[in-house]
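Enquirer: So here's structure_15.cif, just mmCIF, C-alpha atoms:
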```cif
data_protein
loop_
_atom_site.group_PDB
_atom_site.id
_atom_site.type_symbol
_atom_site.label_atom_id
_atom_site.label_comp_id
_atom_site.auth_asym_id
_atom_site.auth_seq_id
_atom_site.Cartn_x
_atom_site.Cartn_y
_atom_site.Cartn_z
ATOM 1 C CA MET G 1 11.555 -19.511 -20.829
ATOM 2 C CA SER G 2 13.211 -16.216 -21.775
ATOM 3 C CA ASN G 3 15.226 -14.148 -19.322
ATOM 4 C CA GLU G 4 12.759 -11.264 -19.782
ATOM 5 C CA LYS G 5 9.845 -13.499 -18.781
ATOM 6 C CA LEU G 6 11.779 -14.842 -15.776
ATOM 7 C CA MET G 7 12.642 -11.311 -14.610
ATOM 8 C CA LEU G 8 9.031 -10.174 -14.928
ATOM 9 C CA GLU G 9 7.852 -13.220 -12.961
ATOM 10 C CA GLU G 10 10.403 -12.445 -10.245
ATOM 11 C CA LEU G 11 9.256 -8.819 -10.121
ATOM 12 C CA VAL G 12 5.623 -9.904 -9.787
ATOM 13 C CA LYS G 13 6.455 -12.451 -7.072
ATOM 14 C CA ASN G 14 8.400 -9.919 -5.026
ATOM 15 C CA ALA G 15 5.853 -7.129 -5.540
ATOM 16 C CA LEU G 16 3.079 -9.390 -4.245
ATOM 17 C CA TYR G 17 5.233 -10.374 -1.264
ATOM 18 C CA ARG G 18 5.899 -6.700 -0.368
ATOM 19 C CA ILE G 19 2.228 -5.824 -0.743
ATOM 20 C CA ASP G 20 1.347 -8.658 1.645
ATOM 21 C CA GLU G 21 4.040 -7.513 4.102
ATOM 22 C CA ASN G 22 2.716 -3.947 4.078
ATOM 23 C CA THR G 23 -0.849 -5.158 4.538
ATOM 24 C CA ARG G 24 0.202 -7.315 7.484
ATOM 25 C CA MET G 25 1.975 -4.362 9.106
ATOM 26 C CA VAL G 26 -0.952 -1.984 8.593
ATOM 27 C CA GLN G 27 -3.385 -4.552 10.013
ATOM 28 C CA LYS G 28 -1.149 -5.148 13.006
ATOM 29 C CA SER G 29 -0.832 -1.378 13.574
ATOM 30 C CA LEU G 30 -4.587 -0.889 13.390
ATOM 31 C CA ALA G 31 -5.143 -3.534 16.055
ATOM 32 C CA PHE G 32 -3.511 -1.222 18.608
ATOM 33 C CA ILE G 33 -5.594 1.896 17.970
ATOM 34 C CA SER G 34 -9.124 2.975 18.807
ATOM 35 C CA GLU G 35 -11.842 4.135 16.425
ATOM 36 C CA GLN G 36 -11.126 7.722 17.502
ATOM 37 C CA GLU G 37 -7.369 7.362 16.940
ATOM 38 C CA LEU G 38 -8.015 6.067 13.404
ATOM 39 C CA TRP G 39 -9.188 9.551 12.397
ATOM 40 C CA GLN G 40 -6.908 11.585 14.690
ATOM 41 C CA PRO G 41 -4.157 13.361 12.747
ATOM 42 C CA PRO G 42 -0.820 13.850 14.529
ATOM 43 C CA ASN G 43 -1.077 17.586 13.835
ATOM 44 C CA GLU G 44 -2.688 20.003 11.383
ATOM 45 C CA SER G 45 -0.142 19.361 8.633
ATOM 46 C CA LEU G 46 -0.381 15.550 8.743
ATOM 47 C CA ASN G 47 -3.091 13.066 7.807
ATOM 48 C CA SER G 48 -4.920 10.626 10.036
ATOM 49 C CA ILE G 49 -4.370 6.899 9.619
ATOM 50 C CA GLY G 50 -7.890 6.667 8.188
ATOM 51 C CA ASN G 51 -7.039 9.245 5.528
ATOM 52 C CA LEU G 52 -3.741 7.499 4.759
ATOM 53 C CA ILE G 53 -5.569 4.228 4.173
ATOM 54 C CA LEU G 54 -8.108 5.928 1.903
ATOM 55 C CA HIS G 55 -5.142 7.472 0.069
ATOM 56 C CA LEU G 56 -3.411 4.095 -0.261
ATOM 57 C CA CYS G 57 -6.585 2.578 -1.689
ATOM 58 C CA GLY G 58 -6.933 5.472 -4.132
ATOM 59 C CA ASN G 59 -3.325 5.196 -5.238
ATOM 60 C CA MET G 60 -3.414 1.414 -5.714
ATOM 61 C CA THR G 61 -6.691 1.717 -7.594
ATOM 62 C CA GLN G 62 -5.361 4.426 -9.907
ATOM 63 C CA TYR G 63 -1.942 2.913 -10.550
ATOM 64 C CA ILE G 64 -2.575 -0.815 -10.511
ATOM 65 C CA ILE G 65 -6.271 -1.555 -10.987
ATOM 66 C CA SER G 66 -6.969 1.264 -13.454
ATOM 67 C CA SER G 67 -3.661 1.810 -15.247
ATOM 68 C CA LEU G 68 -2.092 -1.647 -15.273
ATOM 69 C CA GLY G 69 -5.534 -3.275 -15.430
ATOM 70 C CA GLU G 70 -6.442 -0.974 -18.301
ATOM 71 C CA ILE G 71 -9.780 0.303 -16.991
ATOM 72 C CA GLU G 72 -11.110 3.842 -16.564
ATOM 73 C CA ASP G 73 -9.479 6.001 -13.886
ATOM 74 C CA LYS G 74 -12.150 7.401 -11.550
ATOM 75 C CA ARG G 75 -9.949 8.508 -8.661
ATOM 76 C CA ASN G 76 -10.868 11.609 -6.647
ATOM 77 C CA ARG G 77 -7.565 12.143 -4.832
ATOM 78 C CA ASP G 78 -8.620 15.220 -2.842
ATOM 79 C CA SER G 79 -11.477 13.314 -1.186
ATOM 80 C CA GLU G 80 -8.964 10.857 0.320
ATOM 81 C CA PHE G 81 -7.554 13.643 2.460
ATOM 82 C CA SER G 82 -10.747 15.557 3.239
ATOM 83 C CA ALA G 83 -12.775 12.586 4.487
ATOM 84 C CA SER G 84 -13.362 12.528 8.225
ATOM 85 C CA LYS G 85 -14.691 9.595 10.228
ATOM 86 C CA ILE G 86 -16.500 8.191 7.201
ATOM 87 C CA ALA G 87 -16.046 4.561 8.249
ATOM 88 C CA ASP G 88 -15.196 2.549 11.299
ATOM 89 C CA LYS G 89 -11.993 0.566 11.663
ATOM 90 C CA SER G 90 -13.464 -2.721 10.415
ATOM 91 C CA GLU G 91 -14.818 -1.003 7.278
ATOM 92 C CA ILE G 92 -11.474 0.682 6.587
ATOM 93 C CA ILE G 93 -9.675 -2.653 6.985
ATOM 94 C CA LYS G 94 -12.157 -4.322 4.585
ATOM 95 C CA LEU G 95 -11.668 -1.524 2.038
ATOM 96 C CA LEU G 96 -7.898 -1.924 2.217
ATOM 97 C CA GLU G 97 -8.108 -5.719 1.969
ATOM 98 C CA LYS G 98 -10.465 -5.533 -1.033
ATOM 99 C CA THR G 99 -8.229 -3.006 -2.790
ATOM 100 C CA VAL G 100 -5.125 -5.108 -2.083
ATOM 101 C CA THR G 101 -6.821 -8.304 -3.307
ATOM 102 C CA ASN G 102 -7.934 -6.622 -6.528
ATOM 103 C CA SER G 103 -4.525 -5.010 -7.040
ATOM 104 C CA LYS G 104 -2.690 -8.295 -6.503
ATOM 105 C CA SER G 105 -4.998 -10.015 -8.980
ATOM 106 C CA VAL G 106 -4.243 -7.391 -11.645
ATOM 107 C CA ILE G 107 -0.489 -7.697 -11.048
ATOM 108 C CA LEU G 108 -0.594 -11.495 -11.054
ATOM 109 C CA ASN G 109 -2.611 -11.609 -14.266
ATOM 110 C CA ALA G 110 -0.706 -8.896 -16.141
ATOM 111 C CA ASN G 111 1.004 -10.165 -19.258
ATOM 112 C CA SER G 112 4.426 -9.119 -20.515
ATOM 113 C CA ASN G 113 2.917 -6.509 -22.845
ATOM 114 C CA GLN G 114 1.015 -4.863 -19.970
ATOM 115 C CA LEU G 115 4.113 -4.858 -17.776
ATOM 116 C CA LEU G 116 6.272 -3.284 -20.477
ATOM 117 C CA LYS G 117 3.720 -0.896 -22.033
ATOM 118 C CA ILE G 118 4.395 2.807 -21.389
ATOM 119 C CA ARG G 119 1.389 4.728 -20.124
ATOM 120 C CA LEU G 120 0.571 8.087 -18.550
ATOM 121 C CA VAL G 121 -0.424 7.867 -14.869
ATOM 122 C CA GLN G 122 -1.000 10.958 -12.756
ATOM 123 C CA GLY G 123 1.018 12.893 -15.327
ATOM 124 C CA PHE G 124 4.005 10.510 -15.240
ATOM 125 C CA GLU G 125 5.137 8.258 -18.092
ATOM 126 C CA LEU G 126 5.609 4.790 -16.622
ATOM 127 C CA SER G 127 5.839 1.241 -17.845
ATOM 128 C CA GLY G 128 3.707 -1.388 -16.160
ATOM 129 C CA VAL G 129 6.820 -2.335 -14.183
ATOM 130 C CA GLY G 130 7.163 1.319 -13.145
ATOM 131 C CA VAL G 131 3.499 1.352 -12.091
ATOM 132 C CA VAL G 132 4.019 -1.708 -9.881
ATOM 133 C CA LEU G 133 7.236 -0.326 -8.376
ATOM 134 C CA HIS G 134 5.562 3.008 -7.655
ATOM 135 C CA ALA G 135 2.538 1.397 -5.999
ATOM 136 C CA VAL G 136 4.638 -0.933 -3.834
ATOM 137 C CA GLU G 137 7.021 1.863 -2.806
ATOM 138 C CA HIS G 138 4.120 4.196 -2.075
ATOM 139 C CA TYR G 139 2.417 1.530 0.053
ATOM 140 C CA SER G 140 5.654 0.962 1.987
ATOM 141 C CA TYR G 141 6.152 4.686 2.567
ATOM 142 C CA HIS G 142 2.718 5.178 4.078
ATOM 143 C CA THR G 143 2.924 1.897 6.009
ATOM 144 C CA GLY G 144 5.960 3.393 7.755
ATOM 145 C CA GLN G 145 4.015 6.568 8.523
ATOM 146 C CA ILE G 146 1.132 4.557 9.962
ATOM 147 C CA ALA G 147 3.470 2.447 12.091
ATOM 148 C CA PHE G 148 5.300 5.521 13.348
ATOM 149 C CA TRP G 149 2.071 7.271 14.363
ATOM 150 C CA VAL G 150 0.796 4.171 16.178
ATOM 151 C CA LYS G 151 4.136 3.794 17.985
ATOM 152 C CA GLN G 152 3.954 7.464 18.927
ATOM 153 C CA LEU G 153 0.380 7.138 20.192
ATOM 154 C CA LYS G 154 0.958 3.931 22.136
ATOM 155 C CA ASN G 155 4.661 4.147 23.042
ATOM 156 C CA LYS G 156 4.879 0.514 21.994
ATOM 157 C CA ASP G 157 6.909 -1.690 19.670
ATOM 158 C CA LEU G 158 4.468 -3.175 17.183
ATOM 159 C CA GLY G 159 6.333 -6.496 16.946
ATOM 160 C CA PHE G 160 6.343 -6.729 13.165
ATOM 161 C CA TYR G 161 9.163 -9.277 13.230
ATOM 162 C CA GLU G 162 8.530 -10.812 16.638
ATOM 163 C CA GLY G 163 10.189 -14.218 16.838
ATOM 164 C CA VAL G 164 12.329 -13.634 13.739
ATOM 165 C CA ASN G 165 16.106 -13.381 14.095
ATOM 166 C CA LEU G 166 16.994 -10.336 12.016
ATOM 167 C CA ASN G 167 20.677 -10.612 12.957
ATOM 168 C CA ILE G 168 21.398 -13.522 10.648
ATOM 169 C CA LYS G 169 24.282 -12.669 8.318
ATOM 170 C CA ASN G 170 24.049 -12.911 4.548
ATOM 171 C CA GLU G 171 25.483 -16.031 2.974
#
```
Can the structure from this file be put into structure tokens for me?

Expert:
Amino acid sequence: MSNEKLMLEELVKNALYRIDENTRMVQKSLAFISEQELWQPPNESLNSIGNLILHLCGNMTQYIISSLGEIEDKRNRDSEFSASKIADKSEIIKLLEKTVTNSKSVILNANSNQLLKIRLVQGFELSGVGVVLHAVEHYSYHTGQIAFWVKQLKNKDLGFYEGVNLNIKNE
């Protein structure tokens, strides 16, 4: 197997791992909040957790499912931020899980040509690798925002790494 193929496989493996980690953290965060808190923005200049999840789904759909998956882009980005109490927590979780499952499938099934092809996404020229990196980084960024807002609301550690020794030194 070529080095290029091995590197692409490693990228895919790690991207899928990070997507799963972010999903786990968002799900754990959502378990601590009420239906009302899901749609409560921290202030007028910030988005609610519900809007952030809609935004994450829109971004993953546009970048991964549409662009990398090579299907039509139908995203309406502005609606992700203007929506208000359009779904309850279980529906929002299902939407996120469905989007993540579909996104992971596209990444897992992408061939070398799709991962290396340059395309225009949201006005940016990106390879398929760039699309995956953007989507994973974007998911991580908003996962941190969600976790911060839940910690602020609940004054509670969310226990993302409960039972894991994070003080182990590198070998």

Enquirer: Enumerate, as a ChimeraX atom specification, the residues matched when the PyMOL selection byres ((chain G and resi 68) around 12) is run on the file above.

Expert: /G:60-67,69-73,102-121,126-135

Enquirer: Rounded to one decimal, what separation in Å do you get between atom CA of G:Ser79 and atom CA of G:Arg18?

Expert: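 That distance, rounded to one decimal, is 26.5 Å.
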
Enquirer: Which value, in Å to one decimal, gives the distance between atom CA of G:Gln27 and atom CA of G:Ile93?

Expert: 7.2 Å

Enquirer: Between G:Asn170, G:Ser48, G:Ser90, G:Ser82, which one has atoms that come closest to G:Phe148, using all atoms listed in the file?

Expert: G:Ser48

Enquirer: Point out the residue among G:Phe124, G:His142, G:Thr101, G:Asp157 with the least atom-to-atom distance to G:Asp20, counting all atoms listed in the file.

Expert: G:Thr101

Enquirer: To one decimal place in Å, what is the distance between atom CA of G:Ser29 and atom CA of G:Ala147?

Expert: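 Between atom CA of G:Ser29 and atom CA of G:Ala147 the gap works out to 5.9 Å.
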
Enquirer: Can you tell me, as a ChimeraX atom specification, which residues sit within 12 Å of (0.6, 15.8, 4.6) in the file's frame, using only C-alpha atoms?

Expert: /G:41-49,51-52,55,78,80-82,142,145

Enquirer: Report, as lines of an AutoDock Vina configuration file, the centre and edge lengths in Å (one decimal) of the axis-aligned box enclosing every listed atom of stretch 58-65 of chain G, padded by 5 Å on each side.

Expert:
```
center_x = -4.4
center_y = 2.0
center_z = -7.6
size_x = 15.0
size_y = 17.0
size_z = 16.9
```

Enquirer: Evaluating the PyMOL selection byres ((chain G and resi 92) around 10) on the displayed file yields which residues, as an MDAnalysis selection string?

Expert: chainID G and resid 30 38 49:51 53:54 57 86:91 93:98

Enquirer: Here is a test: counting only C-alpha atoms, which residue of G:Gly58, G:Lys169, G:Thr143, G:Gln36 is nearest to G:Glu21?

Expert: G:Thr143

Enquirer: Could you give me stretch 136-154 of chain G completed to N, CA and C atoms, formatted as a short mmCIF file (atom, residue, chain, number, x, y, z; two decimals), in the coordinates of the input?

Expert:
```cif
data_model
loop_
_atom_site.label_atom_id
_atom_site.label_comp_id
_atom_site.auth_asym_id
_atom_site.auth_seq_id
_atom_site.Cartn_x
_atom_site.Cartn_y
_atom_site.Cartn_z
N VAL G 136 4.05 -0.21 -4.96
CA VAL G 136 4.64 -0.93 -3.83
C VAL G 136 5.44 0.03 -2.95
N GLU G 137 6.23 0.88 -3.57
CA GLU G 137 7.02 1.86 -2.81
C GLU G 137 6.11 2.82 -2.05
N HIS G 138 5.07 3.27 -2.68
CA HIS G 138 4.12 4.20 -2.08
C HIS G 138 3.44 3.54 -0.88
N TYR G 139 3.04 2.28 -1.03
CA TYR G 139 2.42 1.53 0.05
C TYR G 139 3.39 1.41 1.23
N SER G 140 4.65 1.10 0.93
CA SER G 140 5.65 0.96 1.99
C SER G 140 5.88 2.28 2.72
N TYR G 141 5.94 3.36 1.98
CA TYR G 141 6.15 4.69 2.57
C TYR G 141 5.06 5.01 3.58
N HIS G 142 3.82 4.84 3.17
CA HIS G 142 2.72 5.18 4.08
C HIS G 142 2.54 4.14 5.19
N THR G 143 2.93 2.90 4.93
CA THR G 143 2.92 1.90 6.01
C THR G 143 3.86 2.35 7.12
N GLY G 144 5.02 2.86 6.76
CA GLY G 144 5.96 3.39 7.76
C GLY G 144 5.37 4.56 8.53
N GLN G 145 4.66 5.44 7.83
CA GLN G 145 4.01 6.57 8.52
C GLN G 145 2.96 6.07 9.51
N ILE G 146 2.18 5.11 9.09
CA ILE G 146 1.13 4.56 9.96
C ILE G 146 1.77 3.92 11.19
N ALA G 147 2.80 3.11 10.97
CA ALA G 147 3.47 2.45 12.09
C ALA G 147 4.08 3.47 13.04
N PHE G 148 4.70 4.50 12.50
CA PHE G 148 5.30 5.52 13.35
C PHE G 148 4.24 6.21 14.21
N TRP G 149 3.12 6.57 13.62
CA TRP G 149 2.07 7.27 14.36
C TRP G 149 1.49 6.37 15.46
N VAL G 150 1.31 5.09 15.16
CA VAL G 150 0.80 4.17 16.18
C VAL G 150 1.82 4.01 17.30
N LYS G 151 3.10 3.88 16.96
CA LYS G 151 4.14 3.79 17.98
C LYS G 151 4.17 5.06 18.84
N GLN G 152 3.98 6.19 18.20
CA GLN G 152 3.95 7.46 18.93
C GLN G 152 2.74 7.53 19.87
N LEU G 153 1.60 7.11 19.38
CA LEU G 153 0.38 7.14 20.19
C LEU G 153 0.46 6.18 21.38
N LYS G 154 1.00 5.01 21.14
CA LYS G 154 0.96 3.93 22.14
C LYS G 154 2.27 3.70 22.89
#
```
